[in-house]
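Peer 1: Structure file model_24.txt, compact mmCIF, C-alpha atoms, is pasted below:
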# COMPACT_ATOMS: atom_id res chain seq x y z
CA MET A 1 20.35 -44.16 -25.06
CA LEU A 2 22.84 -46.87 -24.05
CA ILE A 3 21.71 -49.10 -26.94
CA THR A 4 22.20 -46.21 -29.38
CA ILE A 5 25.73 -45.58 -28.11
CA LEU A 6 26.70 -49.27 -28.13
CA GLY A 7 25.12 -49.81 -31.55
CA ALA A 8 26.96 -46.81 -33.03
CA VAL A 9 30.30 -47.85 -31.49
CA PHE A 10 29.89 -51.38 -32.86
CA VAL A 11 28.94 -50.29 -36.38
CA PHE A 12 31.54 -47.52 -36.75
CA GLY A 13 34.22 -49.58 -35.03
CA VAL A 14 33.77 -52.64 -37.23
CA ILE A 15 33.54 -50.96 -40.63
CA VAL A 16 36.38 -48.52 -39.97
CA MET A 17 38.63 -51.23 -38.50
CA ILE A 18 38.06 -53.48 -41.53
CA HIS A 19 38.63 -50.58 -43.95
CA GLU A 20 41.90 -49.58 -42.32
CA LEU A 21 42.92 -53.22 -41.93
CA GLY A 22 42.72 -53.54 -45.71
CA HIS A 23 45.17 -50.66 -46.16
CA PHE A 24 47.38 -51.96 -43.35
CA LEU A 25 47.72 -55.59 -44.50
CA THR A 26 48.36 -54.73 -48.13
CA ALA A 27 50.89 -52.03 -47.16
CA LYS A 28 52.76 -54.57 -45.06
CA ALA A 29 52.51 -57.16 -47.86
CA CYS A 30 54.03 -54.65 -50.30
CA GLY A 31 56.95 -53.98 -47.94
CA MET A 32 55.85 -50.50 -46.86
CA ARG A 33 56.62 -49.21 -43.38
CA VAL A 34 53.48 -48.51 -41.35
CA ASP A 35 54.26 -46.24 -38.40
CA GLU A 36 50.78 -46.31 -36.84
CA PHE A 37 47.51 -48.23 -37.17
CA ALA A 38 44.70 -46.35 -35.40
CA ILE A 39 41.00 -46.95 -34.88
CA GLY A 40 38.97 -43.85 -34.00
CA ILE A 41 39.96 -40.20 -33.75
CA GLY A 42 40.99 -37.91 -30.92
CA PRO A 43 43.24 -38.70 -27.93
CA ASN A 44 44.69 -42.18 -27.47
CA VAL A 45 42.77 -44.46 -25.12
CA ILE A 46 44.92 -47.56 -25.63
CA GLN A 47 48.20 -47.84 -27.49
CA LYS A 48 50.84 -50.52 -27.91
CA GLN A 49 54.08 -50.47 -29.83
CA LYS A 50 54.82 -53.72 -31.63
CA GLY A 51 57.82 -53.76 -33.88
CA GLU A 52 57.90 -50.66 -36.07
CA THR A 53 54.13 -50.01 -35.78
CA LEU A 54 52.19 -48.25 -33.02
CA TYR A 55 48.70 -49.75 -32.60
CA SER A 56 46.18 -47.37 -31.02
CA ILE A 57 42.49 -47.00 -30.21
CA ARG A 58 41.30 -43.39 -30.10
CA LEU A 59 38.53 -41.82 -28.04
CA LEU A 60 35.88 -41.32 -30.75
CA PRO A 61 35.03 -44.33 -32.99
CA LEU A 62 34.22 -42.13 -35.99
CA GLY A 63 37.20 -42.83 -38.16
CA GLY A 64 40.67 -44.31 -38.22
CA PHE A 65 43.89 -44.15 -40.16
CA ASN A 66 47.13 -45.82 -41.16
CA LYS A 67 50.26 -43.72 -40.96
CA ILE A 68 52.15 -45.21 -43.88
CA ALA A 69 55.65 -43.83 -44.24
CA GLY A 70 56.24 -41.76 -47.35
CA MET A 71 52.62 -40.91 -48.21
CA ASP A 72 53.55 -37.26 -47.78
CA PRO A 73 55.58 -36.42 -50.91
CA SER A 74 57.88 -34.18 -48.85
CA GLU A 75 58.81 -37.06 -46.53
CA ASP A 76 61.88 -39.10 -47.37
CA ALA A 77 61.02 -42.59 -46.12
CA GLY A 78 63.58 -44.48 -48.14
CA GLU A 79 62.86 -47.51 -50.29
CA ARG A 80 60.05 -48.66 -47.96
CA GLY A 81 58.18 -45.39 -48.35
CA PHE A 82 54.78 -45.38 -50.06
CA ASN A 83 55.76 -43.02 -52.88
CA ASN A 84 58.88 -45.03 -53.67
CA LYS A 85 56.89 -48.18 -54.44
CA PRO A 86 55.62 -49.11 -57.94
CA VAL A 87 52.29 -47.66 -59.07
CA TRP A 88 50.59 -51.07 -59.03
CA GLN A 89 51.52 -51.67 -55.38
CA ARG A 90 50.30 -48.22 -54.34
CA PHE A 91 47.07 -48.84 -56.29
CA ILE A 92 46.49 -52.12 -54.41
CA VAL A 93 47.07 -50.47 -51.02
CA ILE A 94 44.66 -47.61 -51.72
CA ALA A 95 41.97 -49.86 -53.24
CA ALA A 96 42.21 -52.38 -50.39
CA GLY A 97 40.17 -50.28 -47.93
CA ALA A 98 37.00 -50.30 -50.01
CA THR A 99 37.68 -53.89 -51.12
CA PHE A 100 37.78 -55.05 -47.51
CA ASN A 101 34.49 -53.21 -46.86
CA PHE A 102 32.91 -55.19 -49.70
CA LEU A 103 34.40 -58.42 -48.38
CA LEU A 104 33.06 -57.65 -44.89
CA ALA A 105 29.54 -57.34 -46.29
CA ILE A 106 29.92 -60.65 -48.14
CA VAL A 107 31.10 -62.40 -44.96
CA ILE A 108 28.23 -60.95 -42.91
CA TYR A 109 25.63 -61.93 -45.50
CA PHE A 110 27.15 -65.41 -45.82
CA CYS A 111 27.05 -65.99 -42.04
CA ILE A 112 23.45 -64.79 -41.79
CA PHE A 113 22.28 -66.87 -44.77
CA ALA A 114 24.18 -69.99 -43.64
CA PHE A 115 23.57 -69.98 -39.89
CA HIS A 116 20.39 -67.95 -39.41
CA GLY A 117 18.53 -67.84 -42.70
CA THR A 118 16.39 -64.99 -43.95
CA THR A 119 12.83 -64.03 -43.21
CA VAL A 120 10.58 -64.21 -46.25
CA PRO A 121 6.82 -63.70 -46.65
CA SER A 122 4.79 -66.91 -46.43
CA HIS A 123 2.67 -67.87 -49.43
CA GLU A 124 -0.04 -69.06 -47.04
CA PRO A 125 -3.02 -66.67 -46.67
CA ILE A 126 -2.32 -66.26 -42.94
CA ILE A 127 -2.29 -62.83 -41.31
CA GLY A 128 1.14 -61.94 -39.92
CA ASP A 129 -0.07 -58.62 -38.49
CA THR A 130 -2.59 -55.89 -39.15
CA VAL A 131 -1.87 -52.17 -39.56
CA ALA A 132 -3.59 -50.12 -36.87
CA GLY A 133 -6.32 -47.80 -38.13
CA ASN A 134 -6.80 -49.74 -41.36
CA PRO A 135 -9.93 -51.67 -42.48
CA ALA A 136 -8.69 -55.10 -41.33
CA SER A 137 -7.95 -54.07 -37.74
CA GLU A 138 -11.22 -52.12 -37.52
CA ALA A 139 -13.09 -55.23 -38.71
CA GLY A 140 -11.53 -57.31 -35.93
CA ILE A 141 -9.22 -59.38 -38.15
CA GLN A 142 -6.35 -60.67 -36.01
CA GLN A 143 -2.82 -61.98 -36.32
CA GLY A 144 -2.88 -65.70 -37.12
CA ASP A 145 -6.25 -65.65 -38.90
CA ARG A 146 -6.36 -67.65 -42.14
CA ILE A 147 -8.42 -66.05 -44.89
CA LEU A 148 -10.66 -68.68 -46.49
CA THR A 149 -12.78 -66.60 -48.87
CA ILE A 150 -13.23 -63.01 -50.04
CA ASN A 151 -16.59 -62.21 -51.60
CA GLY A 152 -17.17 -65.94 -51.94
CA GLN A 153 -13.90 -66.51 -53.87
CA SER A 154 -11.67 -69.23 -52.42
CA ILE A 155 -8.29 -68.00 -51.16
CA GLN A 156 -5.51 -70.58 -51.49
CA GLU A 157 -2.40 -68.35 -51.53
CA TRP A 158 -1.48 -64.85 -50.34
CA LYS A 159 -1.47 -63.50 -53.90
CA ASP A 160 -5.16 -64.49 -54.20
CA ILE A 161 -5.99 -61.82 -51.59
CA THR A 162 -4.73 -58.97 -53.76
CA GLN A 163 -6.54 -60.32 -56.80
CA SER A 164 -9.83 -60.76 -54.91
CA LEU A 165 -9.73 -57.19 -53.54
CA GLN A 166 -8.90 -55.64 -56.90
CA GLY A 167 -11.60 -53.22 -58.06
CA HIS A 168 -13.40 -53.20 -54.68
CA SER A 169 -11.96 -50.02 -53.18
CA ASN A 170 -14.51 -48.23 -50.95
CA HIS A 171 -16.99 -51.11 -51.35
CA VAL A 172 -18.13 -53.59 -48.70
CA VAL A 173 -16.36 -56.93 -49.06
CA SER A 174 -17.28 -60.12 -47.18
CA VAL A 175 -14.42 -62.11 -45.64
CA THR A 176 -14.47 -65.61 -44.13
CA LEU A 177 -11.71 -66.47 -41.65
CA ASP A 178 -10.44 -69.55 -39.85
CA ARG A 179 -9.40 -68.52 -36.33
CA LYS A 180 -7.95 -71.54 -34.51
CA GLY A 181 -10.58 -73.83 -36.02
CA GLU A 182 -13.48 -71.40 -35.58
CA ILE A 183 -15.06 -70.09 -38.79
CA ILE A 184 -15.73 -66.34 -38.57
CA SER A 185 -17.46 -64.09 -41.11
CA THR A 186 -16.93 -60.35 -41.25
CA THR A 187 -16.93 -57.45 -43.70
CA VAL A 188 -14.34 -54.83 -44.61
CA ILE A 189 -14.24 -51.77 -46.84
CA PRO A 190 -10.89 -51.74 -48.68
CA ARG A 191 -9.25 -48.36 -49.14
CA GLU A 192 -7.51 -47.25 -52.29
CA SER A 193 -3.72 -47.15 -52.30
CA GLY A 194 -2.37 -46.13 -55.68
CA ASP A 195 -3.98 -48.54 -58.12
CA ARG A 196 -4.64 -51.21 -55.49
CA ALA A 197 -7.36 -51.97 -52.97
CA VAL A 198 -5.84 -52.70 -49.54
CA ILE A 199 -7.16 -53.58 -46.09
CA GLY A 200 -3.95 -53.18 -44.07
CA ILE A 201 -2.62 -56.69 -43.57
CA ASN A 202 0.83 -58.23 -43.81
CA PRO A 203 1.74 -61.89 -44.46
CA LEU A 204 3.23 -64.27 -41.94
CA MET A 205 7.03 -64.24 -42.10
CA GLU A 206 8.95 -67.50 -42.33
CA VAL A 207 12.65 -68.26 -41.91
CA LYS A 208 14.19 -69.63 -45.09
CA GLN A 209 17.30 -71.77 -44.63
CA TYR A 210 20.16 -72.01 -47.14
CA SER A 211 22.95 -74.52 -47.74
CA ILE A 212 26.58 -73.42 -47.45
CA GLY A 213 26.89 -73.25 -51.24
CA GLU A 214 23.67 -71.29 -51.65
CA SER A 215 24.74 -68.92 -48.87
CA ALA A 216 28.05 -68.19 -50.62
CA VAL A 217 26.35 -67.50 -53.95
CA TYR A 218 23.57 -65.37 -52.44
CA ALA A 219 26.06 -63.40 -50.32
CA VAL A 220 28.04 -62.40 -53.40
CA THR A 221 25.01 -61.68 -55.61
CA HIS A 222 23.23 -59.73 -52.87
CA THR A 223 26.36 -57.65 -52.29
CA GLY A 224 26.68 -56.98 -56.01
CA SER A 225 23.04 -55.99 -56.45
CA THR A 226 23.19 -53.69 -53.40
CA ILE A 227 26.28 -51.93 -54.77
CA MET A 228 24.54 -51.45 -58.13
CA GLU A 229 21.47 -49.98 -56.38
CA MET A 230 23.72 -47.56 -54.48
CA LEU A 231 25.46 -46.47 -57.68
CA GLN A 232 22.10 -46.03 -59.40
CA GLY A 233 20.89 -43.95 -56.46
CA LEU A 234 23.99 -41.74 -56.61
CA TRP A 235 23.53 -41.31 -60.36
CA ASN A 236 19.88 -40.31 -59.87
CA ILE A 237 20.96 -37.70 -57.32
CA VAL A 238 23.66 -36.29 -59.60
CA THR A 239 21.30 -36.12 -62.59
CA GLY A 240 18.53 -34.59 -60.49
CA HIS A 241 16.11 -37.51 -60.85
CA SER A 242 15.85 -37.95 -57.08
CA LYS A 243 16.57 -35.95 -53.96
CA GLY A 244 19.43 -37.15 -51.79
CA ASP A 245 18.76 -37.75 -48.09
CA VAL A 246 22.12 -37.17 -46.39
CA ALA A 247 22.87 -38.49 -42.91
CA GLY A 248 25.97 -37.54 -40.95
CA PRO A 249 27.58 -39.29 -37.97
CA ILE A 250 24.74 -38.28 -35.63
CA GLY A 251 22.09 -39.60 -38.02
CA VAL A 252 23.93 -42.87 -38.61
CA ALA A 253 24.39 -43.32 -34.85
CA GLN A 254 20.64 -42.82 -34.36
CA MET A 255 19.85 -45.38 -37.05
CA ALA A 256 22.30 -47.84 -35.50
CA GLY A 257 20.55 -47.47 -32.14
CA GLN A 258 17.11 -47.97 -33.68
CA VAL A 259 18.27 -51.05 -35.60
CA ALA A 260 20.02 -52.50 -32.54
CA GLN A 261 16.70 -52.56 -30.70
CA HIS A 262 15.46 -55.16 -33.21
CA GLY A 263 18.28 -57.57 -32.37
CA PHE A 264 21.87 -58.42 -33.26
CA ILE A 265 21.01 -59.89 -36.68
CA SER A 266 19.40 -56.60 -37.70
CA LEU A 267 22.48 -54.72 -36.45
CA LEU A 268 24.73 -57.02 -38.51
CA LEU A 269 22.65 -56.37 -41.64
CA PHE A 270 22.89 -52.63 -41.01
CA THR A 271 26.66 -52.97 -40.55
CA ALA A 272 26.93 -54.79 -43.90
CA LEU A 273 24.86 -52.10 -45.63
CA LEU A 274 26.91 -49.28 -44.13
CA SER A 275 30.15 -51.08 -44.99
CA LEU A 276 29.06 -51.24 -48.64
CA ASN A 277 28.09 -47.58 -48.47
CA LEU A 278 31.50 -46.64 -47.10
CA GLY A 279 33.22 -48.67 -49.81
CA VAL A 280 31.21 -47.09 -52.62
CA ILE A 281 31.59 -43.54 -51.31
CA ASN A 282 35.33 -44.00 -50.78
CA LEU A 283 35.82 -45.04 -54.40
CA LEU A 284 34.20 -41.87 -55.78
CA PRO A 285 36.75 -39.88 -57.82
CA ILE A 286 36.91 -37.05 -55.29
CA PRO A 287 40.24 -35.66 -54.02
CA VAL A 288 41.20 -36.89 -50.51
CA LEU A 289 38.96 -39.97 -50.88
CA ASP A 290 40.54 -43.25 -52.02
CA GLY A 291 38.83 -42.93 -55.41
CA GLY A 292 40.51 -39.60 -56.08
CA HIS A 293 43.86 -41.09 -55.13
CA LEU A 294 43.28 -44.02 -57.50
CA VAL A 295 42.56 -41.64 -60.38
CA LEU A 296 45.89 -39.90 -59.78
CA LEU A 297 47.69 -43.25 -59.69
CA ILE A 298 46.06 -44.26 -62.99
CA LEU A 299 47.21 -40.99 -64.57
CA GLU A 300 50.71 -41.56 -63.20
CA GLY A 301 50.71 -45.08 -64.61
CA ILE A 302 49.67 -43.82 -68.06
CA THR A 303 52.01 -40.82 -68.24
CA GLY A 304 54.88 -42.28 -66.26
CA ARG A 305 55.13 -39.07 -64.23
CA LYS A 306 53.89 -37.97 -60.81
CA LEU A 307 51.94 -34.75 -60.48
CA PRO A 308 53.93 -31.79 -59.15
CA GLU A 309 53.81 -31.45 -55.37
CA LYS A 310 52.12 -28.03 -55.64
CA ALA A 311 49.33 -29.47 -57.83
CA LEU A 312 48.78 -32.30 -55.36
CA GLN A 313 48.44 -29.78 -52.52
CA TYR A 314 45.76 -27.83 -54.43
CA ILE A 315 43.88 -31.03 -55.24
CA GLN A 316 44.03 -32.17 -51.60
CA MET A 317 42.83 -28.77 -50.35
CA THR A 318 39.89 -28.88 -52.77
CA GLY A 319 38.95 -32.34 -51.56
CA VAL A 320 39.19 -31.35 -47.91
CA GLY A 321 36.97 -28.34 -48.59
CA LEU A 322 34.32 -30.49 -50.31
CA LEU A 323 34.32 -33.03 -47.49
CA LEU A 324 34.02 -30.31 -44.86
CA LEU A 325 31.01 -28.86 -46.67
CA VAL A 326 29.35 -32.27 -46.84
CA PHE A 327 30.14 -32.93 -43.17
CA VAL A 328 28.73 -29.61 -42.00
CA TYR A 329 25.62 -29.99 -44.17
CA SER A 330 24.93 -33.58 -43.07
CA THR A 331 25.50 -32.75 -39.40
CA PHE A 332 23.16 -29.76 -39.70
CA GLN A 333 20.50 -32.05 -41.22
CA ASP A 334 21.02 -34.53 -38.36
CA ILE A 335 20.48 -31.76 -35.78
CA LEU A 336 17.31 -30.60 -37.55
CA ARG A 337 15.94 -34.16 -37.39
CA LEU A 338 16.48 -34.19 -33.62
CA PHE A 339 14.04 -31.31 -33.29
Could the structure of this file be written out as structure tokens, please?
Peer 2:
Amino acid sequence: MLITILGAVFVFGVIVMIHELGHFLTAKACGMRVDEFAIGIGPNVIQKQKGETLYSIRLLPLGGFNKIAGMDPSEDAGERGFNNKPVWQRFIVIAAGATFNFLLAIVIYFCIFAFHGTTVPSHEPIIGDTVAGNPASEAGIQQGDRILTINGQSIQEWKDITQSLQGHSNHVVSVTLDRKGEIISTTVIPRESGDRAVIGINPLMEVKQYSIGESAVYAVTHTGSTIMEMLQGLWNIVTGHSKGDVAGPIGVAQMAGQVAQHGFISLLLFTALLSLNLGVINLLPIPVLDGGHLVLLILEGITGRKLPEKALQYIQMTGVGLLLLVFVYSTFQDILRLF
């Protein structure tokens, strides 16, 4: 329970802080007045006034906000107010949140690639582990065994195992193993899995190291490919080609706790993935989200006119309603998963 709480606080705290930091730094850089920079929601736990900005940490680490003067059209914040700045500056400030989430993921991936490396399957035909209840474990094949032959065919690489088992589903197959220098012979009956014959084994995992340059390149390309996969997934949901599995704050907190049990590196990878997810979702053209705000700024830039205050209110109310529906639905799904 404690690991789940700490994992959730770490993940939510980091990605929200970075998101809001993007808005905050760019607002300051554009000369806007920021009245408050807050991490979390609910009552203040810690707060400190520094200059014109109040810095605060709230009770629940499930959100955060920047109180930038003049974002409310009815507020007269003078020349340093958000709405009195040029469209391009306002666009930068709004886009900075998601941009910083993407940059966070790149930094995390870079650090992991450069200083830890990644685990990749070994090409050697050595058993990393066996799946309980599958043919290999029932035949007594153990972790660390090297497969020498299958049905008399020599096995030199891991890919040879798949090829040697092909077409032998539900048939007895002879296997020769090297177990710490001892040659052992046994038999297994592969089961059918799709169009493959499998015996329930996984390869040995090795740590692959990268140079600083390789780490930088892979961090950027991996971030880009992950974003594209997320967009493709969203498109498949919208077009009805796949069913969306929605998780709310409770579900994400549970996942964070489960991931944290596998170590800090796993928690960092989960943080990077969730940061990308937050960035992508925030850029969707939905009112209230940053993406919806960006669309309005683009329209203002093209037409040279701001939308009437009444129209903005209706748009904001629609967005709030949509988000509330999603929140209630996702939280309900989280509760159902608990039982």
Peer 1: Residues near stretch 57-69 of chain A, anyone? I mean within 9 Å using all atoms listed in the file, not counting same-chain ones fewer than 5 positions away, as a VMD selection string.
Peer 2: chain A and resid 8 to 10 12 to 13 16 to 17 19 to 21 23 to 24 27 32 to 47 75 to 78 80 to 83 249
Peer 1: Save out the residues we just selected, C-alpha atoms, as a PDB file, in the frame of the given file.
Peer 2:
ATOM      1  CA  ALA A   8      26.960 -46.810 -33.030  1.00  0.00           C
ATOM      2  CA  VAL A   9      30.300 -47.850 -31.490  1.00  0.00           C
ATOM      3  CA  PHE A  10      29.890 -51.380 -32.860  1.00  0.00           C
ATOM      4  CA  PHE A  12      31.540 -47.520 -36.750  1.00  0.00           C
ATOM      5  CA  GLY A  13      34.220 -49.580 -35.030  1.00  0.00           C
ATOM      6  CA  VAL A  16      36.380 -48.520 -39.970  1.00  0.00           C
ATOM      7  CA  MET A  17      38.630 -51.230 -38.500  1.00  0.00           C
ATOM      8  CA  HIS A  19      38.630 -50.580 -43.950  1.00  0.00           C
ATOM      9  CA  GLU A  20      41.900 -49.580 -42.320  1.00  0.00           C
ATOM     10  CA  LEU A  21      42.920 -53.220 -41.930  1.00  0.00           C
ATOM     11  CA  HIS A  23      45.170 -50.660 -46.160  1.00  0.00           C
ATOM     12  CA  PHE A  24      47.380 -51.960 -43.350  1.00  0.00           C
ATOM     13  CA  ALA A  27      50.890 -52.030 -47.160  1.00  0.00           C
ATOM     14  CA  MET A  32      55.850 -50.500 -46.860  1.00  0.00           C
ATOM     15  CA  ARG A  33      56.620 -49.210 -43.380  1.00  0.00           C
ATOM     16  CA  VAL A  34      53.480 -48.510 -41.350  1.00  0.00           C
ATOM     17  CA  ASP A  35      54.260 -46.240 -38.400  1.00  0.00           C
ATOM     18  CA  GLU A  36      50.780 -46.310 -36.840  1.00  0.00           C
ATOM     19  CA  PHE A  37      47.510 -48.230 -37.170  1.00  0.00           C
ATOM     20  CA  ALA A  38      44.700 -46.350 -35.400  1.00  0.00           C
ATOM     21  CA  ILE A  39      41.000 -46.950 -34.880  1.00  0.00           C
ATOM     22  CA  GLY A  40      38.970 -43.850 -34.000  1.00  0.00           C
ATOM     23  CA  ILE A  41      39.960 -40.200 -33.750  1.00  0.00           C
ATOM     24  CA  GLY A  42      40.990 -37.910 -30.920  1.00  0.00           C
ATOM     25  CA  PRO A  43      43.240 -38.700 -27.930  1.00  0.00           C
ATOM     26  CA  ASN A  44      44.690 -42.180 -27.470  1.00  0.00           C
ATOM     27  CA  VAL A  45      42.770 -44.460 -25.120  1.00  0.00           C
ATOM     28  CA  ILE A  46      44.920 -47.560 -25.630  1.00  0.00           C
ATOM     29  CA  GLN A  47      48.200 -47.840 -27.490  1.00  0.00           C
ATOM     30  CA  GLU A  75      58.810 -37.060 -46.530  1.00  0.00           C
ATOM     31  CA  ASP A  76      61.880 -39.100 -47.370  1.00  0.00           C
ATOM     32  CA  ALA A  77      61.020 -42.590 -46.120  1.00  0.00           C
ATOM     33  CA  GLY A  78      63.580 -44.480 -48.140  1.00  0.00           C
ATOM     34  CA  ARG A  80      60.050 -48.660 -47.960  1.00  0.00           C
ATOM     35  CA  GLY A  81      58.180 -45.390 -48.350  1.00  0.00           C
ATOM     36  CA  PHE A  82      54.780 -45.380 -50.060  1.00  0.00           C
ATOM     37  CA  ASN A  83      55.760 -43.020 -52.880  1.00  0.00           C
ATOM     38  CA  PRO A 249      27.580 -39.290 -37.970  1.00  0.00           C
TER      39      PRO A 249
END
Peer 1: What's the separation between atom CA of A:Leu276 and atom CA of A:Ala260, in Å to one decimal place?
Peer 2: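 Interatomic distance, atom CA of A:Leu276 to atom CA of A:Ala260: 18.5 Å.
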Peer 1: Given only C-alpha atoms as the basis, pick out the residue of A:His293, A:Leu204, A:Leu6, A:Lys180 nearest to A:Met71.
Peer 2: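 Looking only at the distances to A:Met71, the closest residue turns out to be A:His293.
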Peer 1: So for stretch 106-116 of chain A, what box centre and size do we get, axis-aligned, 4 Å extra on each of the six sides, every listed atom, Å to one decimal, as AutoDock Vina command-line options?
Peer 2:
--center_x 25.7 --center_y -65.3 --center_z -43.8 --size_x 18.7 --size_y 17.3 --size_z 16.7
Peer 1: One number please: atom CA of A:Asn101 to atom CA of A:Pro86, in Å, one decimal.
Peer 2: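 Computing it gives 24.2 Å between the two atoms.
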Peer 1: Find the residues around A:Glu138 up to 12 Å (all atoms listed in the file counted), leave out those fewer than 6 positions away in its own chain, and share them as a PyMOL selection string.
Peer 2: chain A and resi 130-132+186-190+199-201
Peer 1: For each of A:Pro125, A:Gly292, A:Gly224, A:Gly304, take the minimum atom-to-atom distance to A:Ile106, counting only C-alpha atoms, then give the residue where this is smallest.
Peer 2: A:Gly224
Peer 1: Using Å and a single decimal, report how far atom CA of A:Arg196 sits from atom CA of A:Met230.
Peer 2: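 A separation of 28.6 Å between them.
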Peer 1: Between A:Val207, A:Cys111, A:Val172, A:Leu289, single out the one closest to A:Arg191, counting all atoms listed in the file.
Peer 2: A:Val172
Peer 1: Determine, counting all atoms listed in the file, which protein, DNA and RNA residues have an atom within 8 Å of an atom of A:Arg146; residues of the same chain fewer than 2 positions away are not included. Present the result as a PyMOL selection string.
Peer 2: chain A and resi 125-127+144+148+177-179
Peer 1: Dump C-alpha atoms for the selected residues as a PDB file, keeping the file's coordinate frame?
Peer 2:
ATOM      1  CA  PRO A 125      -3.020 -66.670 -46.670  1.00  0.00           C
ATOM      2  CA  ILE A 126      -2.320 -66.260 -42.940  1.00  0.00           C
ATOM      3  CA  ILE A 127      -2.290 -62.830 -41.310  1.00  0.00           C
ATOM      4  CA  GLY A 144      -2.880 -65.700 -37.120  1.00  0.00           C
ATOM      5  CA  LEU A 148     -10.660 -68.680 -46.490  1.00  0.00           C
ATOM      6  CA  LEU A 177     -11.710 -66.470 -41.650  1.00  0.00           C
ATOM      7  CA  ASP A 178     -10.440 -69.550 -39.850  1.00  0.00           C
ATOM      8  CA  ARG A 179      -9.400 -68.520 -36.330  1.00  0.00           C
TER       9      ARG A 179
END
Peer 1: Using only C-alpha atoms, pick whichever of A:Val175, A:Gly117, A:Ala139, A:Leu283 has the shortest atom-to-atom distance to A:Gln153.
Peer 2: A:Val175
Peer 1: Excluding same-chain residues fewer than 5 positions from A:Tyr109, what lies within 10 Å of it counting only C-alpha atoms, as a list in words?
Peer 2: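 Contacts, with the query itself left out: Leu103, Leu104, Ala114, Gly117, Thr118, Ser215, Ala216, Tyr218, Ala219, Val220, His222, Thr223, Leu268, Leu269, Ala272 and Leu273 of chain A.
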Peer 1: Within 12 Å of (18.9, -54.6, -30.9), all atoms listed in the file: residues as a list in words?
Peer 2: Leu2, Ile3, Thr4, Ile5, Leu6, Gly7, Ala8, Phe10, Met255, Ala256, Gly257, Gln258, Val259, Ala260, Gln261, His262, Gly263, Phe264, Ile265, Ser266, Leu267, Leu268, Leu269 and Phe270 of chain A
Peer 1: Which residue, A:Asn170, A:Thr271, A:Thr149, A:Asn202, has the smallest gap to A:Ser185 when you use all atoms listed in the file?
Peer 2: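 Counting all atoms listed in the file, the residue closest to A:Ser185 is A:Thr149.
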